[in-house]
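Colleague: Starting off with a structure, shown below.
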Amino acid sequence: MSESENDEFYFKIQDESIRETLAGLPNIIQVFHNPLYDLNETVGSDIDFMLGVVFGQIISHSSWLYYVRQVLKPTPEQSIKINSRLFSKAPEFRTKILEIVRS
């Protein structure tokens, strides 16, 4: 195992985490659109809240994949690139959330 993998390696793990998270998005949305609890009592925008959940899930899943694949976590510089890449996908994730919520 090297001290750090190249950026593309971490991007591939992040992409896998994104795919897994988006595949589970209907279940995530179902949890937060619980008819027994009004999300608006806690959060002003349920879509932005769910977007935060999606980010958290992707980050958590990526960390799990680093562990399972026995690779070191990215360097601080790589983390900046990876997180920037993730947050640049916010409009795509928001669109996906809206598609599911409206269906």
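Lettering and numbering for the structure tokens are positional, with chains as A, B, ... in the shown order, residues counted from 1 in each chain, and ligands counted from 1 in the shown order.
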Using only C-alpha atoms, which protein or nucleic acid residues come within 7 Å of region 71-82 of chain A? Drop anything in the same chain fewer than 3 positions from it, and give the result as a list in words.

Modeller: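 Once the adjacent positions are removed, what remains is Met1, Glu3, Ser4, Asp7, Phe11, Tyr66, Tyr67, Arg85 and Leu86 of chain A.
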
Colleague: For the residues in the current selection, export C-alpha atoms as a PDB file, in the first residue's frame.

Modeller:
ATOM      1  CA  MET A   1       0.000   0.000   0.000  1.00  0.00           C
ATOM      2  CA  GLU A   3       1.413   6.438   1.185  1.00  0.00           C
ATOM      3  CA  SER A   4      -1.315   7.877  -1.000  1.00  0.00           C
ATOM      4  CA  ASP A   7      -6.428  11.461  -7.391  1.00  0.00           C
ATOM      5  CA  PHE A  11     -12.476   9.895  -7.609  1.00  0.00           C
ATOM      6  CA  TYR A  66     -11.135   3.236   1.981  1.00  0.00           C
ATOM      7  CA  TYR A  67     -11.244   0.988   5.032  1.00  0.00           C
ATOM      8  CA  ARG A  85     -15.697  17.734  -6.749  1.00  0.00           C
ATOM      9  CA  LEU A  86     -18.465  16.354  -4.526  1.00  0.00           C
TER      10      LEU A  86
END

Colleague: Might you pull out every residue within 9 Å of region 16-33 of chain A, with only C-alpha atoms counted and same-chain residues fewer than 5 positions away left off, and present them as a list in words?

Modeller: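 The contact residues come out as Phe11, Asp38, Leu39, Asp46, Met50, Val53, Val54, Phe55, Gln57, Ile58, Ile59, Ser60, His61, Ser62, Leu65, Leu86, Phe93, Lys96, Ile97, Ile100 and Val101 of chain A.
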
Colleague: Go ahead and save the residues from that selection, with C-alpha atoms, as a compact mmCIF listing (two decimals), in the first residue's frame.

Modeller:
# COMPACT_ATOMS: atom_id res chain seq x y z
CA PHE A 11 -12.48 9.90 -7.61
CA ASP A 38 -43.23 17.40 9.52
CA LEU A 39 -39.62 18.03 8.51
CA ASP A 46 -36.49 19.72 3.14
CA MET A 50 -31.94 15.86 2.11
CA VAL A 53 -27.99 13.77 4.04
CA VAL A 54 -26.84 12.73 0.57
CA PHE A 55 -23.48 14.44 1.09
CA GLN A 57 -23.96 9.38 3.06
CA ILE A 58 -21.47 9.73 0.20
CA ILE A 59 -18.69 10.87 2.53
CA SER A 60 -19.43 8.04 4.97
CA HIS A 61 -19.58 5.44 2.22
CA SER A 62 -16.29 6.67 0.74
CA LEU A 65 -14.60 1.92 1.02
CA LEU A 86 -18.46 16.35 -4.53
CA PHE A 93 -28.15 15.63 -6.59
CA LYS A 96 -32.47 13.75 -8.45
CA ILE A 97 -34.02 14.48 -5.06
CA ILE A 100 -38.10 11.41 -6.46
CA VAL A 101 -40.05 13.80 -4.24

Colleague: I'd like to know which residues of chain A are alpha helix (DSSP H) (by DSSP, run on the backbone); could you write them as a PyMOL selection string?

Modeller: chain A and resi 7-23+25-32+46-68+76-88+90-102

Colleague: Provide the CA of Asp48 (chain A) to CA of Lys89 (chain A) distance in Å, to one decimal place.

Modeller: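 Spanning CA of Asp48 (chain A) to CA of Lys89 (chain A) is a straight-line distance of 13.4 Å.
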
Colleague: Restricting the calculation to only C-alpha atoms, which member of A:Gly56, A:Gly44, A:Asn83, A:Leu36 is positioned closest to Tyr10 (chain A)?

Modeller: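 The shortest atom-to-atom distance to Tyr10 (chain A) comes from A:Asn83.
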
Colleague: Could you please determine the separation between CA of Ser88 (chain A) and CA of Arg69 (chain A) in Å, to one decimal place?

Modeller: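 So the two atoms, CA of Ser88 (chain A) and CA of Arg69 (chain A), lie 25.7 Å apart.
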
Colleague: Of the residues A:Ile13, A:Arg102, A:Pro91, A:Pro35, which is the one nearest to Ser63 (chain A), using only C-alpha atoms?

Modeller: A:Ile13

Colleague: Mind giving me the straight-line distance from CA of Glu92 (chain A) to CA of Leu51 (chain A) in Å, one decimal?

Modeller: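 CA of Glu92 (chain A) sits 10.2 Å away from CA of Leu51 (chain A).
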